[in-house]
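What follows is the content of final.cif (mmCIF, C-alpha atoms and all ligand atoms).
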```cif
data_my_file
loop_
_atom_site.label_atom_id
_atom_site.label_comp_id
_atom_site.auth_asym_id
_atom_site.auth_seq_id
_atom_site.Cartn_x
_atom_site.Cartn_y
_atom_site.Cartn_z
CA MET A 1140 97.92 96.56 92.33
CA LEU A 1141 99.08 95.86 95.84
CA ARG A 1142 96.84 95.18 98.77
CA GLY A 1143 97.24 94.24 102.39
CA ASP A 1144 94.68 93.44 105.04
CA ASP A 1145 95.08 92.08 108.53
CA GLY A 1146 93.29 91.24 111.70
CA GLY A 1147 94.75 92.16 115.04
CA ARG A 1148 93.36 89.44 117.32
CA THR A 1149 94.81 86.36 115.69
CA LEU A 1150 97.62 88.03 113.75
CA GLN A 1151 96.12 86.75 110.50
CA ARG A 1152 97.42 88.55 107.44
CA GLY A 1153 96.47 88.48 103.80
CA ALA A 1154 97.82 90.39 100.84
CA ILE A 1155 98.02 90.26 97.08
CA ALA A 1156 100.62 92.07 95.03
CA ALA A 1157 101.32 92.85 91.38
CA ALA A 1158 97.86 91.45 90.69
CA LYS A 1159 95.78 92.11 87.60
CA GLY A 1160 92.14 91.36 86.94
CA VAL A 1161 90.96 91.15 90.55
CA HIS A 1162 87.94 93.42 90.89
CA ASN A 1163 88.30 94.07 94.63
CA PRO A 1164 91.81 93.27 95.85
CA ILE A 1165 90.97 94.09 99.46
CA ALA A 1166 88.31 91.36 99.32
CA ALA A 1167 91.02 88.96 98.12
CA ALA A 1168 93.32 90.04 100.96
CA LYS A 1169 90.47 89.53 103.43
CA ALA A 1170 89.69 86.08 102.03
CA MET A 1171 93.33 85.16 102.64
CA LEU A 1172 92.94 85.88 106.36
CA PHE A 1173 91.25 82.50 106.66
CA ASP A 1174 93.87 80.67 104.62
CA LYS A 1175 97.55 79.85 105.13
CA PRO A 1176 99.29 82.25 102.71
CA VAL A 1177 100.25 85.72 103.84
CA LEU A 1178 101.05 87.20 100.43
CA ILE A 1179 100.44 85.98 96.88
CA ALA A 1180 101.76 87.91 93.88
CA GLY A 1181 101.16 88.04 90.14
CA ASP A 1182 99.03 85.44 88.37
CA GLY A 1183 98.68 83.49 91.61
CA ALA A 1184 96.78 86.41 93.14
CA ARG A 1185 94.13 86.24 90.42
CA ALA A 1186 93.94 82.47 90.76
CA PHE A 1187 93.48 82.82 94.51
CA ALA A 1188 90.66 85.35 94.02
CA ALA A 1189 88.97 83.05 91.50
CA GLN A 1190 89.22 80.10 93.87
CA ALA A 1191 87.73 82.24 96.66
CA GLY A 1192 84.74 82.96 94.42
CA LEU A 1193 85.56 86.65 94.06
CA ARG A 1194 84.73 88.78 91.06
CA LEU A 1195 87.37 88.98 88.37
CA CYS A 1196 87.61 91.57 85.64
CA ASP A 1197 89.47 92.43 82.47
CA PRO A 1198 92.62 94.05 83.89
CA ASP A 1199 93.28 96.31 80.92
CA ALA A 1200 89.69 97.56 80.73
CA LEU A 1201 89.66 98.39 84.43
CA ILE A 1202 92.96 100.29 84.26
CA ALA A 1203 91.74 102.27 81.24
CA VAL A 1204 88.50 103.26 83.00
CA HIS A 1205 90.32 104.27 86.18
CA ASP A 1206 93.04 106.19 84.39
CA ALA A 1207 90.52 108.14 82.34
CA LYS A 1208 89.06 109.47 85.59
CA ARG A 1209 92.38 110.36 87.21
CA SER A 1210 94.64 113.36 87.00
CA ASP A 1211 98.33 112.78 86.33
CA ALA A 1212 99.07 113.36 90.02
CA GLU A 1213 96.52 110.74 91.05
CA LYS A 1214 98.02 108.23 88.62
CA ARG A 1215 101.39 108.69 90.24
CA HIS A 1216 100.33 107.99 93.79
CA ASP A 1217 97.11 106.60 95.10
CA THR A 1218 97.39 104.72 98.37
CA VAL A 1219 94.56 104.55 100.88
CA GLY A 1220 94.76 102.82 104.22
CA CYS A 1221 92.80 102.52 107.44
CA VAL A 1222 93.07 101.25 110.98
CA VAL A 1223 89.86 100.44 112.82
CA LEU A 1224 88.85 99.42 116.32
CA ASP A 1225 85.37 97.96 116.74
CA GLU A 1226 83.08 97.90 119.76
CA ARG A 1227 84.39 94.45 120.74
CA GLY A 1228 87.91 95.87 120.99
CA LEU A 1229 89.15 94.19 117.80
CA LEU A 1230 91.70 96.03 115.67
CA ALA A 1231 92.16 95.60 111.93
CA THR A 1232 94.10 97.39 109.22
CA ALA A 1233 93.79 97.51 105.44
CA VAL A 1234 95.76 99.29 102.75
CA SER A 1235 95.35 99.50 99.01
CA THR A 1236 97.52 101.13 96.39
CA GLY A 1237 98.09 101.40 92.69
CA GLY A 1238 101.83 101.55 93.39
CA LEU A 1239 104.08 104.21 91.92
CA GLU A 1240 103.96 105.35 88.32
CA GLY A 1241 106.89 104.23 86.20
CA SER A 1242 107.77 101.27 88.42
CA ALA A 1243 109.22 98.10 86.95
CA ALA A 1244 106.78 95.34 86.02
CA GLY A 1245 106.19 93.10 89.00
CA ARG A 1246 107.52 95.69 91.42
CA VAL A 1247 106.08 95.31 94.94
CA GLY A 1248 106.10 98.26 97.32
CA ASP A 1249 105.45 98.51 101.03
CA SER A 1250 101.66 98.18 101.01
CA PRO A 1251 101.28 94.36 100.90
CA GLN A 1252 104.31 93.64 103.08
CA PRO A 1253 103.49 93.07 106.77
CA GLY A 1254 105.60 95.29 108.99
CA CYS A 1255 106.28 97.69 106.13
CA GLY A 1256 103.07 99.35 104.89
CA PHE A 1257 100.85 97.84 107.57
CA TYR A 1258 100.73 95.84 110.77
CA CYS A 1259 98.19 95.06 113.44
CA ASP A 1260 98.30 93.37 116.82
CA ASN A 1261 95.34 93.59 119.17
CA ASN A 1262 97.65 93.81 122.17
CA ILE A 1263 99.68 96.69 120.76
CA GLY A 1264 97.88 98.61 118.02
CA GLY A 1265 97.59 99.00 114.28
CA ALA A 1266 99.54 101.13 111.81
CA VAL A 1267 99.41 101.90 108.10
CA PHE A 1268 101.86 103.89 105.97
CA SER A 1269 101.71 105.56 102.59
CA GLY A 1270 104.52 107.09 100.58
CA ASP A 1271 107.76 105.97 99.00
CA GLY A 1272 107.35 102.19 99.10
CA GLU A 1273 110.97 101.14 98.79
CA GLU A 1274 112.07 103.39 101.64
CA ILE A 1275 109.12 102.40 103.85
CA ALA A 1276 109.97 98.74 103.24
CA ARG A 1277 113.70 99.19 103.82
CA MET A 1278 112.96 100.83 107.16
CA ILE A 1279 110.06 98.50 108.12
CA LEU A 1280 108.12 101.52 109.33
CA ALA A 1281 104.96 99.75 110.52
CA ALA A 1282 107.04 97.29 112.56
CA ARG A 1283 108.89 100.20 114.15
CA VAL A 1284 105.58 101.72 115.24
CA MET A 1285 104.61 98.44 116.88
CA TYR A 1286 107.78 98.40 118.97
CA ALA A 1287 107.59 102.12 119.74
CA LEU A 1288 104.00 101.87 121.02
CA ASP A 1289 105.37 100.12 124.12
CA ASP A 1290 106.68 103.48 125.31
CA LEU A 1291 105.21 106.21 123.11
CA SER A 1292 101.84 107.65 122.15
CA PRO A 1293 100.61 106.71 118.66
CA ARG A 1294 101.62 110.07 117.25
CA GLU A 1295 105.08 109.88 118.83
CA ALA A 1296 105.47 106.32 117.61
CA VAL A 1297 104.71 107.30 114.00
CA GLU A 1298 107.06 110.31 114.29
CA ALA A 1299 109.84 108.13 115.71
CA SER A 1300 109.36 105.62 112.92
CA LEU A 1301 109.44 108.32 110.22
CA ALA A 1302 112.62 109.79 111.72
CA HIS A 1303 114.45 106.71 110.41
CA LEU A 1304 113.74 107.88 106.87
CA ASP A 1305 116.16 110.75 107.48
CA ASN A 1306 118.96 108.18 107.11
CA ILE A 1307 117.97 107.04 103.62
CA GLY A 1308 115.64 109.75 102.29
CA GLY A 1309 112.06 109.21 101.26
CA GLU A 1310 108.71 110.72 102.04
CA ALA A 1311 105.87 109.02 103.86
CA GLY A 1312 103.05 109.43 106.31
CA GLY A 1313 101.51 107.03 108.75
CA ILE A 1314 98.49 106.53 110.97
CA ALA A 1315 98.26 104.49 114.16
CA LEU A 1316 95.54 103.42 116.58
CA THR A 1317 95.86 101.74 119.96
CA PRO A 1318 93.54 99.17 121.59
CA GLU A 1319 92.41 102.02 123.86
CA GLY A 1320 91.26 104.01 120.83
CA LYS A 1321 94.05 106.59 120.83
CA VAL A 1322 94.72 107.94 117.32
CA GLY A 1323 98.01 109.35 116.09
CA TRP A 1324 99.44 110.34 112.75
CA ALA A 1325 102.42 112.12 111.30
CA HIS A 1326 104.16 112.68 107.98
CA ASN A 1327 107.41 114.02 106.58
CA SER A 1328 105.85 114.69 103.18
CA ASP A 1329 104.35 118.12 102.42
CA HIS A 1330 100.82 116.78 102.61
CA PHE A 1331 99.16 113.71 103.99
CA ALA A 1332 95.37 113.48 103.93
CA VAL A 1333 93.82 111.93 107.01
CA ALA A 1334 90.30 111.49 108.36
CA TYR A 1335 89.25 110.00 111.67
CA ALA A 1336 86.14 109.57 113.76
CA SER A 1337 85.02 107.66 116.85
CA SER A 1338 81.77 106.66 118.48
CA ASP A 1339 82.42 109.37 121.10
CA ASP A 1340 82.96 111.99 118.40
CA PRO A 1341 81.38 110.64 115.21
CA SER A 1342 81.73 113.76 113.07
CA PRO A 1343 84.83 113.02 110.96
CA LYS A 1344 87.92 115.19 111.34
CA VAL A 1345 89.50 115.66 107.93
CA TYR A 1346 92.91 117.22 107.38
CA LEU A 1347 95.33 117.52 104.48
CA SER A 1348 98.38 117.98 106.72
CA LYS A 1349 99.43 117.98 110.36
CA SER A 1350 99.71 121.75 110.39
CA GLU A 1351 96.10 122.01 109.24
CA GLU A 1352 95.04 119.90 112.22
CA GLN A 1353 97.15 121.98 114.59
CA ASN A 1354 95.63 125.23 113.26
CA ALA A 1355 92.05 123.95 113.36
N1 LIG A 1401 103.39 103.23 99.00
C1 LIG A 1401 102.93 102.63 97.81
C2 LIG A 1401 104.00 102.05 96.99
O1 LIG A 1401 105.15 102.49 97.07
O2 LIG A 1401 103.74 101.15 96.24
#
```
Could you express the structure from this file as structure tokens?
Amino acid sequence: MLRGDDGGRTLQRGAIAAAKGVHNPIAAAKAMLFDKPVLIAGDGARAFAAQAGLRLCDPDALIAVHDAKRSDAEKRHDTVGCVVLDERGLLATAVSTGGLEGSAAGRVGDSPQPGCGFYCDNNIGGAVFSGDGEEIARMILAARVMYALDDLSPREAVEASLAHLDNIGGEAGGIALTPEGKVGWAHNSDHFAVAYASSDDPSPKVYLSKSEEQNA
């Protein structure tokens, strides 16, 4: 399991990777925001969660319960991420994934790596990606969004970032949010499920692809 979580005001980051037996990995990532490490992998992630007083679990039992509920497609790919802006103007991002089916033991994808599967800076914006982890990491897609937001809208920034995947292949989608509350998203995969809402328009908009949003 790979998890990342970060706060945009102080640039605190926390993530655990290749972790087993941590009941809520996002809680562990959040606990790390107030500690020095940015990313802890493997057995150390479970030890960190235990030290933070978080709930542990039997890793094998949890995987068996989850897998019994999932289709084969869900087992292959199950990343969820979010970017939020609160009423105080604070941005935060979080992303959680089961990784990719068939990966090598100990493999770490993009999700817990700052600048790859996520990034957040209150002065610039927040971004989260989902998709082919190695390619997202090689192209540091979230970092590219951060730089692109200087000149582009969030949607354009995610599109510009994804365009770099053309050089190496790979499918992904990303979401971005600015400190002004502008939302943008894009994907080069066939589908990319997204939902967003704001205090001005609280009824959630839910789409399975960009074309669905454009045809709505
Ligand atoms: N994007 C999730 C992973 O590759 O692990």
Do a neighbour search on segment 1171-1187 of chain A at 8 Å with all atoms listed in the file, toss out local chain neighbours closer than 6 positions, and write the hits as a VMD selection string.
-> chain A and resid 1144 to 1146 1151 to 1161 1195 1245 1251 to 1252
Excluding same-chain residues fewer than 3 positions from Leu1193 of chain A, what lies within 8 Å of it counting only C-alpha atoms, as a PyMOL selection string?
-> chain A and resi 1161-1163+1166-1167+1188-1190
Quick one: residues within 7 Å of segment 1316-1318 of chain A, only C-alpha atoms counted, chain neighbours fewer than 3 positions away excluded, as a VMD selection string?
-> chain A and resid 1222 1228 1230 1261 to 1266 1293 1321 to 1323
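The spacing separating atom CA of Gly1254 of chain A from atom CA of Leu1229 of chain A amounts to 18.7 Å.
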Leaving out Asp1271 of chain A and any residue of its chain fewer than 2 positions from it, which residues lie within 10 Å of it when counting all atoms listed in the file, given as a PyMOL selection string?
-> chain A and resi 1216+1238-1239+1248-1249+1268-1269+1273-1276+1308-1312+1328
Can you sort out segment 1342-1353 of chain A so it carries all heavy atoms, written as an mmCIF file, keeping the file's coordinate frame?
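Produced file result-v2.cif, reproduced below:
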```cif
data_model
loop_
_atom_site.group_PDB
_atom_site.id
_atom_site.type_symbol
_atom_site.label_atom_id
_atom_site.label_comp_id
_atom_site.auth_asym_id
_atom_site.auth_seq_id
_atom_site.Cartn_x
_atom_site.Cartn_y
_atom_site.Cartn_z
ATOM 1 N N SER A 1342 81.549 112.894 114.231
ATOM 2 C CA SER A 1342 81.730 113.760 113.070
ATOM 3 C C SER A 1342 83.197 113.674 112.626
ATOM 4 O O SER A 1342 84.105 113.939 113.425
ATOM 5 C CB SER A 1342 81.363 115.209 113.378
ATOM 6 O OG SER A 1342 82.210 115.693 114.356
ATOM 7 N N PRO A 1343 83.443 113.275 111.368
ATOM 8 C CA PRO A 1343 84.830 113.020 110.960
ATOM 9 C C PRO A 1343 85.695 114.282 110.974
ATOM 10 O O PRO A 1343 85.236 115.359 110.602
ATOM 11 C CB PRO A 1343 84.696 112.496 109.530
ATOM 12 C CG PRO A 1343 83.268 112.510 109.188
ATOM 13 C CD PRO A 1343 82.476 113.073 110.303
ATOM 14 N N LYS A 1344 86.912 114.115 111.440
ATOM 15 C CA LYS A 1344 87.920 115.190 111.340
ATOM 16 C C LYS A 1344 88.720 114.891 110.090
ATOM 17 O O LYS A 1344 89.216 113.775 109.935
ATOM 18 C CB LYS A 1344 88.844 115.172 112.561
ATOM 19 C CG LYS A 1344 88.105 115.220 113.889
ATOM 20 C CD LYS A 1344 87.687 116.628 114.218
ATOM 21 C CE LYS A 1344 86.956 116.708 115.551
ATOM 22 N NZ LYS A 1344 85.631 116.064 115.558
ATOM 23 N N VAL A 1345 88.832 115.870 109.227
ATOM 24 C CA VAL A 1345 89.500 115.660 107.930
ATOM 25 C C VAL A 1345 90.577 116.714 107.756
ATOM 26 O O VAL A 1345 90.288 117.906 107.862
ATOM 27 C CB VAL A 1345 88.478 115.757 106.770
ATOM 28 C CG1 VAL A 1345 89.162 115.499 105.431
ATOM 29 C CG2 VAL A 1345 87.328 114.782 106.973
ATOM 30 N N TYR A 1346 91.792 116.288 107.517
ATOM 31 C CA TYR A 1346 92.910 117.220 107.380
ATOM 32 C C TYR A 1346 93.805 116.800 106.207
ATOM 33 O O TYR A 1346 93.951 115.611 105.931
ATOM 34 C CB TYR A 1346 93.755 117.245 108.657
ATOM 35 C CG TYR A 1346 92.947 117.604 109.874
ATOM 36 C CD1 TYR A 1346 92.624 116.629 110.818
ATOM 37 C CD2 TYR A 1346 92.476 118.899 110.063
ATOM 38 C CE1 TYR A 1346 91.860 116.948 111.926
ATOM 39 C CE2 TYR A 1346 91.704 119.223 111.177
ATOM 40 C CZ TYR A 1346 91.402 118.241 112.102
ATOM 41 O OH TYR A 1346 90.635 118.544 113.192
ATOM 42 N N LEU A 1347 94.408 117.796 105.589
ATOM 43 C CA LEU A 1347 95.330 117.520 104.480
ATOM 44 C C LEU A 1347 96.788 117.536 104.939
ATOM 45 O O LEU A 1347 97.674 117.166 104.178
ATOM 46 C CB LEU A 1347 95.142 118.552 103.367
ATOM 47 C CG LEU A 1347 93.778 118.491 102.669
ATOM 48 C CD1 LEU A 1347 93.651 119.586 101.640
ATOM 49 C CD2 LEU A 1347 93.578 117.123 102.015
ATOM 50 N N SER A 1348 97.015 117.981 106.180
ATOM 51 C CA SER A 1348 98.380 117.980 106.720
ATOM 52 C C SER A 1348 98.290 118.140 108.234
ATOM 53 O O SER A 1348 97.254 118.543 108.771
ATOM 54 C CB SER A 1348 99.197 119.140 106.138
ATOM 55 O OG SER A 1348 98.652 120.365 106.588
ATOM 56 N N LYS A 1349 99.391 117.839 108.897
ATOM 57 C CA LYS A 1349 99.430 117.980 110.360
ATOM 58 C C LYS A 1349 99.249 119.435 110.759
ATOM 59 O O LYS A 1349 98.561 119.737 111.745
ATOM 60 C CB LYS A 1349 100.767 117.450 110.865
ATOM 61 C CG LYS A 1349 100.757 117.127 112.333
ATOM 62 C CD LYS A 1349 99.902 115.909 112.572
ATOM 63 C CE LYS A 1349 99.658 115.664 114.029
ATOM 64 N NZ LYS A 1349 98.728 114.543 114.259
ATOM 65 N N SER A 1350 99.837 120.344 110.003
ATOM 66 C CA SER A 1350 99.710 121.750 110.390
ATOM 67 C C SER A 1350 98.259 122.209 110.297
ATOM 68 O O SER A 1350 97.813 123.038 111.084
ATOM 69 C CB SER A 1350 100.642 122.640 109.548
ATOM 70 O OG SER A 1350 100.376 122.441 108.193
ATOM 71 N N GLU A 1351 97.518 121.654 109.336
ATOM 72 C CA GLU A 1351 96.100 122.010 109.240
ATOM 73 C C GLU A 1351 95.361 121.560 110.501
ATOM 74 O O GLU A 1351 94.515 122.292 111.022
ATOM 75 C CB GLU A 1351 95.489 121.326 108.002
ATOM 76 C CG GLU A 1351 94.211 121.963 107.512
ATOM 77 C CD GLU A 1351 93.717 121.312 106.231
ATOM 78 O OE1 GLU A 1351 94.186 121.717 105.152
ATOM 79 O OE2 GLU A 1351 92.863 120.416 106.316
ATOM 80 N N GLU A 1352 95.685 120.371 110.988
ATOM 81 C CA GLU A 1352 95.040 119.900 112.220
ATOM 82 C C GLU A 1352 95.416 120.789 113.410
ATOM 83 O O GLU A 1352 94.577 121.148 114.226
ATOM 84 C CB GLU A 1352 95.467 118.458 112.516
ATOM 85 C CG GLU A 1352 94.813 117.865 113.758
ATOM 86 C CD GLU A 1352 95.444 116.530 114.168
ATOM 87 O OE1 GLU A 1352 96.684 116.463 114.276
ATOM 88 O OE2 GLU A 1352 94.706 115.567 114.389
ATOM 89 N N GLN A 1353 96.689 121.174 113.451
ATOM 90 C CA GLN A 1353 97.150 121.980 114.590
ATOM 91 C C GLN A 1353 96.527 123.372 114.579
ATOM 92 O O GLN A 1353 96.328 123.981 115.615
ATOM 93 C CB GLN A 1353 98.690 122.074 114.564
ATOM 94 C CG GLN A 1353 99.314 120.788 115.042
ATOM 95 C CD GLN A 1353 100.776 120.640 114.638
ATOM 96 O OE1 GLN A 1353 101.251 121.332 113.733
ATOM 97 N NE2 GLN A 1353 101.481 119.736 115.281
#
```
